[in-house]
Structures are given as C-alpha cells and as structure tokens.
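A.B. asks: So here's run_3.cif (mmCIF, C-alpha atoms).
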data_coords
#
loop_
_atom_site.label_atom_id
_atom_site.label_comp_id
_atom_site.auth_asym_id
_atom_site.auth_seq_id
_atom_site.Cartn_x
_atom_site.Cartn_y
_atom_site.Cartn_z
CA MET A 18 -131.06 -85.49 -120.64
CA LEU A 19 -128.50 -85.76 -123.43
CA ALA A 20 -125.03 -87.02 -122.56
CA ASP A 21 -123.29 -84.59 -124.90
CA PRO A 22 -125.78 -81.92 -125.91
CA PHE A 23 -124.99 -79.43 -128.65
CA ILE A 24 -126.24 -76.04 -127.52
CA LEU A 25 -126.63 -73.48 -130.26
CA ALA A 26 -128.25 -70.07 -129.86
CA GLY A 27 -130.10 -71.24 -126.77
CA ARG A 28 -131.47 -74.44 -128.29
CA THR A 29 -130.27 -77.96 -127.53
CA PHE A 30 -129.63 -80.60 -130.17
CA SER A 31 -128.38 -84.17 -130.17
CA SER A 32 -127.13 -84.06 -133.78
CA ARG A 33 -124.00 -82.09 -134.58
CA LEU A 34 -124.51 -82.20 -138.31
CA ILE A 35 -126.23 -79.29 -140.05
CA VAL A 36 -127.14 -79.89 -143.67
CA GLY A 37 -128.18 -77.76 -146.58
CA THR A 38 -131.21 -78.30 -148.80
CA GLY A 39 -129.74 -77.09 -152.09
CA LYS A 40 -128.51 -78.82 -155.26
CA TYR A 41 -130.57 -82.00 -154.93
CA GLN A 42 -131.90 -83.76 -157.98
CA ASP A 43 -135.40 -83.42 -156.55
CA PHE A 44 -137.18 -82.78 -153.28
CA LEU A 45 -137.71 -86.47 -152.55
CA ALA A 46 -133.96 -87.16 -152.78
CA MET A 47 -133.43 -84.23 -150.43
CA GLN A 48 -136.00 -85.54 -148.01
CA ARG A 49 -134.37 -88.97 -147.90
CA ALA A 50 -130.93 -87.45 -147.37
CA LEU A 51 -132.14 -85.19 -144.56
CA GLU A 52 -133.66 -88.21 -142.86
CA ALA A 53 -130.47 -90.28 -143.24
CA SER A 54 -128.26 -87.44 -141.98
CA GLY A 55 -130.04 -87.26 -138.64
CA ALA A 56 -129.74 -83.46 -138.85
CA GLN A 57 -132.03 -81.32 -136.72
CA VAL A 58 -131.04 -78.01 -138.28
CA VAL A 59 -131.26 -77.43 -142.04
CA THR A 60 -130.28 -74.39 -144.07
CA VAL A 61 -132.40 -72.73 -146.75
CA ALA A 62 -131.99 -69.77 -149.09
CA VAL A 63 -134.23 -66.75 -149.68
CA ARG A 64 -135.10 -66.16 -153.33
CA ARG A 65 -137.64 -64.41 -155.52
CA GLU A 66 -140.93 -66.19 -156.06
CA ARG A 67 -141.18 -67.42 -159.63
CA LEU A 68 -144.19 -65.45 -160.74
CA PHE A 69 -144.64 -66.49 -164.31
CA ASN A 70 -144.56 -70.26 -163.95
CA GLU A 71 -147.29 -72.57 -162.90
CA LYS A 72 -147.19 -73.10 -159.21
CA ASN A 73 -144.58 -75.79 -158.68
CA GLN A 74 -143.79 -77.92 -155.70
CA SER A 75 -142.33 -75.92 -152.87
CA LEU A 76 -139.34 -76.83 -150.73
CA LEU A 77 -141.46 -76.31 -147.65
CA ASP A 78 -143.84 -79.08 -148.71
CA PHE A 79 -140.96 -81.51 -148.20
CA ILE A 80 -139.59 -80.29 -144.87
CA ASP A 81 -141.33 -81.17 -141.62
CA LEU A 82 -141.28 -77.80 -139.88
CA SER A 83 -142.11 -79.34 -136.51
CA ARG A 84 -138.99 -81.45 -136.74
CA TYR A 85 -136.32 -79.17 -138.15
CA THR A 86 -135.00 -75.80 -137.09
CA ILE A 87 -134.76 -73.86 -140.33
CA LEU A 88 -131.65 -71.76 -140.72
CA PRO A 89 -132.09 -69.20 -143.51
CA ASN A 90 -128.91 -68.04 -145.18
CA THR A 91 -127.85 -64.86 -146.94
CA ALA A 92 -126.13 -66.73 -149.76
CA GLY A 93 -125.65 -64.64 -152.86
CA CYS A 94 -125.17 -61.38 -150.95
CA PHE A 95 -122.06 -59.33 -151.66
CA THR A 96 -122.76 -56.32 -149.45
CA ALA A 97 -123.66 -55.95 -145.78
CA GLU A 98 -126.77 -54.00 -146.80
CA ASP A 99 -128.11 -56.83 -148.99
CA ALA A 100 -127.29 -59.48 -146.37
CA VAL A 101 -129.25 -57.55 -143.73
CA ARG A 102 -132.22 -57.20 -146.12
CA VAL A 103 -132.20 -60.92 -146.92
CA ALA A 104 -131.86 -61.89 -143.25
CA ARG A 105 -134.92 -59.80 -142.40
CA LEU A 106 -136.91 -61.33 -145.28
CA GLY A 107 -135.99 -64.83 -144.09
CA ARG A 108 -137.07 -63.98 -140.55
CA GLU A 109 -140.38 -62.64 -141.82
CA ILE A 110 -141.17 -65.94 -143.58
CA LEU A 111 -140.11 -68.15 -140.69
CA GLU A 112 -142.13 -66.08 -138.23
CA GLN A 113 -145.21 -66.81 -140.35
CA LEU A 114 -144.32 -70.49 -140.15
CA ASN A 115 -143.73 -70.29 -136.40
CA ASN A 116 -140.36 -71.99 -136.79
CA PRO A 117 -137.76 -71.62 -134.01
CA GLY A 118 -135.16 -70.63 -136.59
CA ALA A 119 -137.01 -67.36 -137.24
CA ASN A 120 -134.43 -65.14 -135.59
CA TRP A 121 -131.48 -67.23 -136.75
CA VAL A 122 -129.45 -66.41 -139.78
CA LYS A 123 -126.50 -68.03 -141.48
CA LEU A 124 -124.72 -64.86 -142.44
CA GLU A 125 -122.70 -64.93 -145.64
CA VAL A 126 -121.31 -61.77 -147.19
CA LEU A 127 -119.29 -62.91 -150.15
CA GLY A 128 -116.43 -61.11 -151.82
CA ASP A 129 -116.53 -62.68 -155.22
CA LYS A 130 -118.69 -65.08 -157.24
CA LYS A 131 -115.83 -67.31 -158.38
CA THR A 132 -114.19 -68.00 -155.03
CA LEU A 133 -117.28 -67.48 -152.81
CA LEU A 134 -114.81 -66.43 -150.16
CA PRO A 135 -116.25 -64.17 -147.48
CA ASP A 136 -115.74 -60.42 -147.53
CA PRO A 137 -114.44 -59.83 -144.01
CA VAL A 138 -115.33 -56.13 -143.85
CA GLY A 139 -118.91 -56.63 -145.06
CA THR A 140 -119.31 -59.71 -142.88
CA LEU A 141 -118.39 -57.83 -139.72
CA GLU A 142 -120.57 -54.87 -140.62
CA ALA A 143 -123.61 -57.07 -141.30
CA CYS A 144 -122.96 -59.16 -138.19
CA ARG A 145 -123.03 -56.08 -135.95
CA GLU A 146 -126.19 -54.79 -137.59
CA LEU A 147 -128.03 -58.10 -137.31
CA VAL A 148 -126.98 -58.68 -133.69
CA LYS A 149 -128.35 -55.20 -132.91
CA ASP A 150 -131.60 -56.21 -134.65
CA GLY A 151 -132.03 -59.26 -132.38
CA PHE A 152 -130.74 -61.98 -134.69
CA GLN A 153 -128.82 -65.04 -133.60
CA VAL A 154 -126.04 -64.73 -136.15
CA LEU A 155 -124.27 -67.89 -137.25
CA CYS A 156 -121.48 -66.34 -139.18
CA TYR A 157 -119.67 -67.87 -142.14
CA THR A 158 -116.06 -66.76 -142.35
CA SER A 159 -112.68 -67.86 -143.65
CA ASP A 160 -110.30 -69.87 -141.49
CA ASP A 161 -108.57 -66.68 -140.33
CA PRO A 162 -108.30 -66.86 -136.51
CA ILE A 163 -108.23 -63.10 -135.89
CA MET A 164 -111.32 -62.57 -138.04
CA ALA A 165 -113.02 -65.35 -136.08
CA MET A 166 -112.28 -63.47 -132.85
CA ARG A 167 -113.66 -60.24 -134.28
CA ILE A 168 -116.89 -61.99 -135.27
CA LYS A 169 -117.29 -63.54 -131.82
CA ASP A 170 -116.65 -60.12 -130.24
CA ALA A 171 -119.32 -58.63 -132.53
CA GLY A 172 -121.86 -60.86 -130.79
CA ALA A 173 -122.30 -63.74 -133.24
CA ALA A 174 -124.00 -66.80 -131.72
CA SER A 175 -121.51 -69.00 -133.59
CA VAL A 176 -118.45 -68.51 -135.75
CA MET A 177 -118.44 -70.82 -138.76
CA PRO A 178 -115.02 -71.02 -140.44
CA ALA A 179 -114.74 -72.63 -143.86
CA GLY A 180 -112.61 -75.73 -144.21
CA SER A 181 -112.08 -74.82 -147.88
CA PRO A 182 -114.10 -72.93 -150.50
CA ILE A 183 -117.86 -73.58 -150.62
CA GLY A 184 -118.70 -76.66 -152.67
CA SER A 185 -115.02 -77.37 -153.42
CA GLY A 186 -114.88 -80.72 -151.63
CA GLN A 187 -111.31 -80.05 -150.54
CA GLY A 188 -111.97 -80.75 -146.86
CA VAL A 189 -110.11 -78.97 -144.09
CA LEU A 190 -107.18 -77.36 -145.87
CA ASN A 191 -105.58 -75.64 -142.90
CA ARG A 192 -106.00 -77.72 -139.78
CA ASN A 193 -103.65 -75.48 -137.89
CA SER A 194 -105.84 -72.40 -138.46
CA ILE A 195 -108.95 -74.29 -137.41
CA ALA A 196 -107.17 -75.52 -134.27
CA ILE A 197 -106.05 -71.98 -133.47
CA ILE A 198 -109.62 -70.73 -133.92
CA MET A 199 -110.79 -73.36 -131.42
CA GLU A 200 -108.21 -72.23 -128.89
CA LEU A 201 -108.85 -68.52 -129.35
CA LEU A 202 -112.63 -68.83 -129.17
CA LYS A 203 -112.98 -71.58 -126.60
CA GLY A 204 -109.87 -71.52 -124.42
CA SER A 205 -106.62 -73.45 -124.36
CA GLY A 206 -108.17 -76.85 -123.61
CA ALA A 207 -110.20 -76.85 -126.80
CA THR A 208 -107.99 -78.85 -129.12
CA GLY A 209 -107.88 -82.60 -128.84
CA GLY A 210 -104.94 -84.29 -127.14
CA SER A 211 -104.20 -81.38 -124.81
CA PRO A 212 -102.77 -82.22 -121.41
CA ALA A 213 -105.31 -82.87 -118.68
CA SER A 214 -104.11 -79.76 -116.84
CA ALA A 215 -105.33 -77.45 -119.60
CA SER A 216 -108.27 -75.27 -118.65
CA PRO A 217 -111.64 -76.66 -119.73
CA PRO A 218 -112.92 -75.19 -122.99
CA SER A 219 -115.84 -72.78 -123.00
CA HIS A 220 -119.03 -73.76 -124.74
CA TYR A 221 -118.84 -71.07 -127.42
CA PRO A 222 -119.96 -72.97 -130.54
CA VAL A 223 -117.67 -73.12 -133.55
CA ILE A 224 -119.09 -74.84 -136.63
CA LEU A 225 -116.95 -75.98 -139.54
CA ASP A 226 -118.86 -74.70 -142.55
CA ALA A 227 -118.05 -75.42 -146.18
CA GLY A 228 -115.56 -77.47 -148.14
CA VAL A 229 -116.45 -80.96 -146.95
CA GLY A 230 -115.99 -83.56 -149.70
CA ALA A 231 -116.20 -86.88 -147.89
CA ALA A 232 -117.07 -88.30 -144.49
CA SER A 233 -113.44 -88.27 -143.33
CA ASP A 234 -113.42 -84.46 -143.62
CA VAL A 235 -116.27 -84.28 -141.11
CA SER A 236 -114.38 -86.50 -138.66
CA ILE A 237 -111.27 -84.36 -139.00
CA ALA A 238 -113.21 -81.18 -138.28
CA MET A 239 -114.86 -82.73 -135.24
CA GLU A 240 -111.53 -84.08 -133.98
CA LEU A 241 -110.14 -80.56 -134.20
CA GLY A 242 -112.81 -79.55 -131.69
CA ALA A 243 -115.57 -78.20 -133.92
CA ASP A 244 -118.95 -78.32 -132.19
CA ALA A 245 -120.70 -79.18 -135.43
CA VAL A 246 -120.21 -79.37 -139.18
CA LEU A 247 -122.39 -77.72 -141.81
CA LEU A 248 -122.37 -79.12 -145.32
CA ASN A 249 -124.50 -79.42 -148.43
CA THR A 250 -122.81 -80.28 -151.72
CA ALA A 251 -120.93 -83.37 -150.52
CA ILE A 252 -124.27 -85.03 -149.78
CA ALA A 253 -126.43 -83.49 -152.50
CA HIS A 254 -124.00 -84.31 -155.31
CA ALA A 255 -122.84 -87.72 -154.07
CA LYS A 256 -123.85 -90.62 -156.32
CA ASP A 257 -126.06 -91.87 -153.50
CA SER A 258 -127.12 -88.89 -151.42
CA ALA A 259 -128.89 -90.82 -148.69
CA LEU A 260 -125.95 -93.19 -148.23
CA MET A 261 -123.50 -90.29 -148.07
CA ALA A 262 -125.77 -88.53 -145.58
CA SER A 263 -125.62 -91.60 -143.39
CA ALA A 264 -121.82 -91.69 -143.75
CA MET A 265 -121.63 -88.04 -142.70
CA LYS A 266 -123.79 -88.74 -139.66
CA HIS A 267 -121.52 -91.55 -138.51
CA ALA A 268 -118.35 -89.58 -139.30
CA CYS A 269 -119.65 -86.71 -137.21
CA ILE A 270 -120.35 -88.98 -134.25
CA ALA A 271 -116.97 -90.73 -134.67
CA GLY A 272 -115.10 -87.44 -134.83
CA ARG A 273 -116.88 -86.07 -131.78
CA GLU A 274 -116.21 -89.21 -129.73
CA SER A 275 -112.60 -89.23 -130.85
CA TYR A 276 -112.26 -85.59 -129.77
CA LEU A 277 -113.86 -86.22 -126.38
CA ALA A 278 -111.80 -89.37 -125.83
CA GLY A 279 -108.59 -87.38 -126.27
CA ARG A 280 -106.18 -88.49 -128.95
CA ILE A 281 -102.64 -89.68 -128.24
CA PRO A 282 -99.85 -87.22 -128.99
CA LYS A 283 -98.07 -87.73 -132.30
CA ARG A 284 -94.49 -89.03 -132.05
CA ARG A 285 -91.70 -89.37 -134.55
CA TYR A 286 -90.89 -93.05 -133.91
CA ALA A 287 -92.82 -96.22 -133.28
CA SER A 288 -94.10 -97.44 -129.94
CA ALA A 289 -94.66 -101.22 -129.86
CA SER A 290 -98.09 -102.41 -128.79
CA SER A 291 -96.78 -105.91 -127.85
CA PRO A 292 -94.38 -106.26 -124.89
CA TRP A 293 -90.63 -106.60 -125.52
CA GLU A 294 -90.32 -108.71 -122.42
CA GLY A 295 -90.37 -112.41 -123.22
CA THR A 296 -89.61 -112.12 -126.94
CA ILE A 297 -87.77 -115.21 -128.21
CA SER A 298 -86.43 -113.49 -131.32
CA HIS A 299 -83.13 -111.76 -131.98
CA ILE A 300 -83.59 -107.98 -131.72
CA PRO A 301 -81.18 -106.06 -133.99
CA GLY A 302 -78.81 -103.84 -132.02
CA GLU A 303 -79.36 -105.67 -128.72
CA MET B 18 -149.59 -47.52 -162.59
CA GLU B 19 -146.28 -49.01 -163.65
CA LEU B 20 -143.94 -50.62 -161.17
CA THR B 21 -141.59 -53.58 -160.95
CA VAL B 22 -142.26 -56.87 -159.21
CA ASN B 23 -139.24 -59.13 -158.79
CA GLY B 24 -137.35 -57.10 -161.35
CA GLN B 25 -140.06 -57.36 -164.02
CA PRO B 26 -142.17 -54.38 -165.17
CA ARG B 27 -145.82 -54.71 -164.23
CA SER B 28 -149.02 -52.68 -164.60
CA LEU B 29 -151.38 -52.54 -161.64
CA PRO B 30 -154.47 -50.46 -160.84
CA ASP B 31 -153.71 -47.37 -158.77
CA HIS B 32 -153.73 -47.89 -155.00
CA THR B 33 -153.30 -51.66 -155.23
CA THR B 34 -152.34 -52.98 -151.80
CA ILE B 35 -149.70 -55.62 -151.14
CA ALA B 36 -152.42 -58.05 -150.09
CA GLU B 37 -154.20 -57.48 -153.43
CA LEU B 38 -150.94 -57.96 -155.32
CA LEU B 39 -150.37 -61.30 -153.59
CA ILE B 40 -153.87 -62.41 -154.59
CA ARG B 41 -153.13 -61.46 -158.21
CA LEU B 42 -149.93 -63.49 -158.02
CA ASN B 43 -151.80 -66.44 -156.54
CA LEU B 44 -149.59 -66.24 -153.47
CA GLN B 45 -152.11 -65.38 -150.77
CA GLY B 46 -151.47 -67.59 -147.77
CA SER B 47 -148.13 -68.81 -149.17
CA PRO B 48 -145.08 -68.40 -147.00
CA CYS B 49 -143.48 -65.35 -148.54
CA ALA B 50 -142.07 -61.98 -147.57
CA VAL B 51 -142.48 -58.66 -149.32
CA GLU B 52 -140.11 -55.77 -149.64
CA VAL B 53 -140.98 -52.41 -151.20
CA ASN B 54 -138.08 -50.19 -152.21
CA LYS B 55 -135.72 -52.28 -150.07
CA SER B 56 -137.86 -51.98 -146.92
CA LEU B 57 -139.52 -55.08 -145.49
CA ILE B 58 -143.29 -54.76 -145.14
CA PRO B 59 -144.45 -57.21 -142.43
CA GLU B 60 -147.41 -59.44 -143.19
CA ARG B 61 -149.69 -57.59 -140.74
CA GLN B 62 -149.29 -54.43 -142.85
CA HIS B 63 -150.04 -56.04 -146.23
CA GLU B 64 -153.74 -55.15 -146.14
CA GLN B 65 -153.24 -51.42 -145.61
CA THR B 66 -150.00 -50.85 -147.54
CA LYS B 67 -150.77 -49.32 -150.93
CA LEU B 68 -148.24 -49.57 -153.70
CA SER B 69 -147.19 -46.50 -155.71
CA ALA B 70 -146.01 -45.97 -159.27
CA ASN B 71 -142.35 -46.85 -159.79
CA ASP B 72 -142.16 -48.94 -156.62
CA ALA B 73 -139.69 -51.79 -156.72
CA VAL B 74 -141.43 -54.75 -155.11
CA GLU B 75 -139.70 -57.99 -154.16
CA VAL B 76 -141.69 -61.09 -153.23
CA VAL B 77 -139.45 -63.83 -151.86
CA THR B 78 -139.80 -67.31 -150.45
CA LEU B 79 -137.56 -70.06 -149.14
CA VAL B 80 -135.76 -72.39 -151.55
CA GLY B 81 -133.13 -75.09 -151.21
CA GLY B 82 -129.75 -73.71 -150.16
CA GLY B 83 -126.62 -74.45 -148.20
#
Using structure tokens, write down the structure that the file contains.

C.D. replies:
Amino acid sequence: MLADPFILAGRTFSSRLIVGTGKYQDFLAMQRALEASGAQVVTVAVRRERLFNEKNQSLLDFIDLSRYTILPNTAGCFTAEDAVRVARLGREILEQLNNPGANWVKLEVLGDKKTLLPDPVGTLEACRELVKDGFQVLCYTSDDPIMAMRIKDAGAASVMPAGSPIGSGQGVLNRNSIAIIMELLKGSGATGGSPASASPPSHYPVILDAGVGAASDVSIAMELGADAVLLNTAIAHAKDSALMASAMKHACIAGRESYLAGRIPKRRYASASSPWEGTISHIPGE
Amino acid sequence: MELTVNGQPRSLPDHTTIAELLIRLNLQGSPCAVEVNKSLIPERQHEQTKLSANDAVEVVTLVGGG
C-alpha cells in the first residue's frame, strides 16, 4: 500500500514523473536516464517505418515493456482528424505488445510548428472523439484555465497544461494560471498553503506538461499542486542526462512533499526565528 | 499495381495482401500498425485484406518522443 499513490486512468503509480524518450544521443543514454528518473510511465511517438534503410535498432528493444506503461503521443498532428488517426495507430501497436498503455493517449493537436502551442478547437474536438472511442485521454493544453475545464468536461482522464512552450526550458511561466487550473479542476483546497478549513481537493489528475528546464521547475509545478510532471528535453539534452534525470526525480519528490506539508503564507515583512525575549542587544526603535 | 507506401510510390503484384506487404518490407512480426487510405486495418485482418491500385498505405511504429 503506497502512502501517497498517484492514480492515473485507473492505474496506480509511486512515481509522479513521466518522461519522454525522444532527443537522446542514443538508446543506451535514454535507457540510463529512464532508470535514473524512476519514471513508471514513458511517452513515445508514432512514426512511419523507415523502409529503405537496413533494419536499425528499435526503441522498443531498449524499453522494458513489463516495467513501463507506454504513453503514445500524437505529436506532430495539426488537425483533430490526424490526431485521432495517430492515436488509433498507437493503440494498435501497444495492443500487440500487450502494454497497459494501449488505450492511453497523450493528445496533442498543435496550432503551429514554430510555437508548438496547442490548437484549442482541434484539441477539444479530438478529445471528444477519442473519449467516445474508449481512449483514456491525457490532454496537452495551454495554461488557460477555462480551456482546462472544457477538456475535463469532455471526459479527459487528465488535463496536462504546459508550463511554457514545448522544449523551451522556460519553466512555469504563469504560476497563477496553473494555480487557478488546480482550483477549478480539483476544488478550492488544491493549492498549497490554503487554510485547513478549505474543502479537500478531488483526485482529478492534473499533470504539468512541457517547458521544464531544470529540476527547480519540477518542484515549483508540484508545489502548485500538480499531480505529476511530464518532461523530455530537459533530461535528454542535459550535459549529463542520467544525472539530470536523478535531479528531476528528487525535485519531484521534494515538490510533492512540500505541497503536502503545506507551505507558510507569504508576508511582506520579516518574522524572526529566534526569540526577542532575553536579547541583550539594543533594538533600534525600542 | 502502383500504390504508395509511406508516401513513396511502389509497385506490387495485384491482390497483394497487407500481410504479404509486411513480409516484403521485412516487417512481419515487428510491432507496427497499418493504415490504408486513412483507415486503420487491425492486425487480425492483415491476412485477408488485399491492397488495390492507388491505395495510400502507411506503416508506422513507435519511436522516441515526448
């Protein structure tokens, strides 16, 4: 029995870090980073087989399918129609592999290749279609709170707001929006430091997806009440991927514990940690 | 017959099935999914599904991604 289980689409995990498998120098570096991250869910992309090359090493030769839940994405899709096609293709492959992620999809419907920002209209359309088709939709979106509500209402298993643009390494640019998303999707007690009288948050999972640059960004997202963080580039392109993966793991745990512990409210002025009583010094103004 | 496989023109004998195409591509038994004219053809139908001239076939697999 886990003390603080992370329940996502009906499955229970101890790790709250989800990592991507893209952009690594080679598969061995990826394998080492996955191991160091402690992740139990990893994302993959669906792409054409390379038909005219010699058969190269395959990603799947380097991922222990009995250990990881594979979350296929719809990266590179700019219309709802294409995202639905790619989600179904991903499911078809994972069903052959008997992986529990078979009916999961990380839904991305992008608006533009330069910004990689989500197209909200296409995202919602694809989300509805995939939910109807039996998918557990983990839905990438911007940090817009109203859009996040719409996606939850459409039946997504998780809403995954971006901290900042994909691969940008800018961290959580709008903490206020992320905090509002937590409140709207989980209830008023969702954000850290709330008074004890606030209603307990619901378990609806919100995952901070995209924009992480360093471990501190993961902690910030978790302290804001995110249930998990999904990231790829910050590990894959770090000078030492495995070391950064380990840092991300610890930052995720630290942020979660900090959130659960309940932070102190911020105040304008100082509050001494040592007692005033018994000081032998002269105190200005007294 | 002429058709496209993963965006590339290709010549195949008439009535080639998807299963036969995968053998030609050395992909039999590999984890992959096949779409013909934007419709997914599940693995259990690969043996009996015959391709037609001008079909657009996509054969996809899983790669690293975020």

A.B. asks: Please find the residues of chain A near chain B - the criterion being any atom within 7 Å, counting only C-alpha atoms - and write them as a PyMOL selection string.

C.D. replies: chain A and resi 37-39+60-66+68+76+106+109-110+113+248-249

A.B. asks: Work out how far apart CA of Gly272 in chain A and CA of Thr91 in chain A are and give it in Å to one decimal.

C.D. replies: 28.6 Å

A.B. asks: On this file, the PyMOL selection byres ((chain A and resi 104) around 9) gives some set of residues; write that set as a ChimeraX atom specification.

C.D. replies: /A:63,89-91,99-103,105-109,120-124,147,152

A.B. asks: Quick one: everything within 7 Å of range 171-174 of chain A, counting all atoms listed in the file, minus sequence neighbours fewer than 2 positions away in the same chain. Send it as a VMD selection string.

C.D. replies: chain A and resid 26 144 to 145 148 153 to 156 167 to 169 176

A.B. asks: Enclose the full set of atoms of range 52-59 of chain B listed in the file within a box whose edges lie along x, y and z, apply 4 Å of padding to each of the six sides, and report centre and edge lengths in Å to one decimal as JSON.

C.D. replies:
{"center_x": -140.1, "center_y": -53.7, "center_z": -147.3, "size_x": 16.7, "size_y": 15.0, "size_z": 17.8}

A.B. asks: Can you pull out every residue within 12 Å of Ala46 in chain A, counting all atoms listed in the file, but drop anything in the same chain fewer than 4 positions away, and send it as a PyMOL selection string?

C.D. replies: chain A and resi 38-42+50-53+76+79-80+252-262

A.B. asks: Using the chain letters and numbering of this document, enumerate as a PyMOL selection string the residues selected by the PyMOL selection byres ((chain A and resi 238) around 9).

C.D. replies: chain A and resi 180+188-189+192+195+224-225+233-237+239-246+269+272-273

A.B. asks: Just checking: using only C-alpha atoms, which residue out of A:Thr86, A:Ser291, A:Gln74, A:Thr132 ends up closest to Phe30 in chain A?

C.D. replies: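 Closest to Phe30 in chain A of all the choices is A:Thr86.
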
A.B. asks: In Å, rounded to a single decimal, give me how far CA of Leu25 in chain A is from CA of Ser194 in chain A.

C.D. replies: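 For CA of Ser194 in chain A relative to CA of Leu25 in chain A, the distance reads 22.4 Å.
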
A.B. asks: Determine the nearest neighbour of Gly230 in chain A from the options A:Pro137, A:Gly55, A:Gly204, A:Gly184, counting only C-alpha atoms.

C.D. replies: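 Comparing A:Pro137, A:Gly55, A:Gly204, A:Gly184 against Gly230 in chain A, the winner is A:Gly184.
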
A.B. asks: Excluding Ile197 in chain A and residues on its chain fewer than 3 positions from it, collect all residues at most 12 Å away from it, counting all atoms listed in the file, and give them as a PyMOL selection string.

C.D. replies: chain A and resi 160-166+178+191-194+200-209+223+241-243

A.B. asks: So which residues are close to (-142.5, -50.7, -158.1), meaning at most 9 Å away in the file's coordinates with all atoms listed in the file counted, and can you show them as a PDB file with C-alpha atoms, in the coordinates of the input?

C.D. replies:
ATOM      1  CA  MET B  18    -149.590 -47.520-162.590  1.00  0.00           C
ATOM      2  CA  GLU B  19    -146.280 -49.010-163.650  1.00  0.00           C
ATOM      3  CA  LEU B  20    -143.940 -50.620-161.170  1.00  0.00           C
ATOM      4  CA  THR B  21    -141.590 -53.580-160.950  1.00  0.00           C
ATOM      5  CA  VAL B  22    -142.260 -56.870-159.210  1.00  0.00           C
ATOM      6  CA  GLY B  24    -137.350 -57.100-161.350  1.00  0.00           C
ATOM      7  CA  PRO B  26    -142.170 -54.380-165.170  1.00  0.00           C
ATOM      8  CA  ARG B  27    -145.820 -54.710-164.230  1.00  0.00           C
ATOM      9  CA  VAL B  53    -140.980 -52.410-151.200  1.00  0.00           C
ATOM     10  CA  ASN B  54    -138.080 -50.190-152.210  1.00  0.00           C
ATOM     11  CA  LEU B  68    -148.240 -49.570-153.700  1.00  0.00           C
ATOM     12  CA  SER B  69    -147.190 -46.500-155.710  1.00  0.00           C
ATOM     13  CA  ALA B  70    -146.010 -45.970-159.270  1.00  0.00           C
ATOM     14  CA  ASN B  71    -142.350 -46.850-159.790  1.00  0.00           C
ATOM     15  CA  ASP B  72    -142.160 -48.940-156.620  1.00  0.00           C
ATOM     16  CA  ALA B  73    -139.690 -51.790-156.720  1.00  0.00           C
ATOM     17  CA  VAL B  74    -141.430 -54.750-155.110  1.00  0.00           C
ATOM     18  CA  GLU B  75    -139.700 -57.990-154.160  1.00  0.00           C
TER      19      GLU B  75
END

A.B. asks: For the provided coordinates, the residues matched by the PyMOL selection byres ((chain A and resi 24) around 10) should be stated as a ChimeraX atom specification.

C.D. replies: /A:21-23,25-31,33,220-222,244
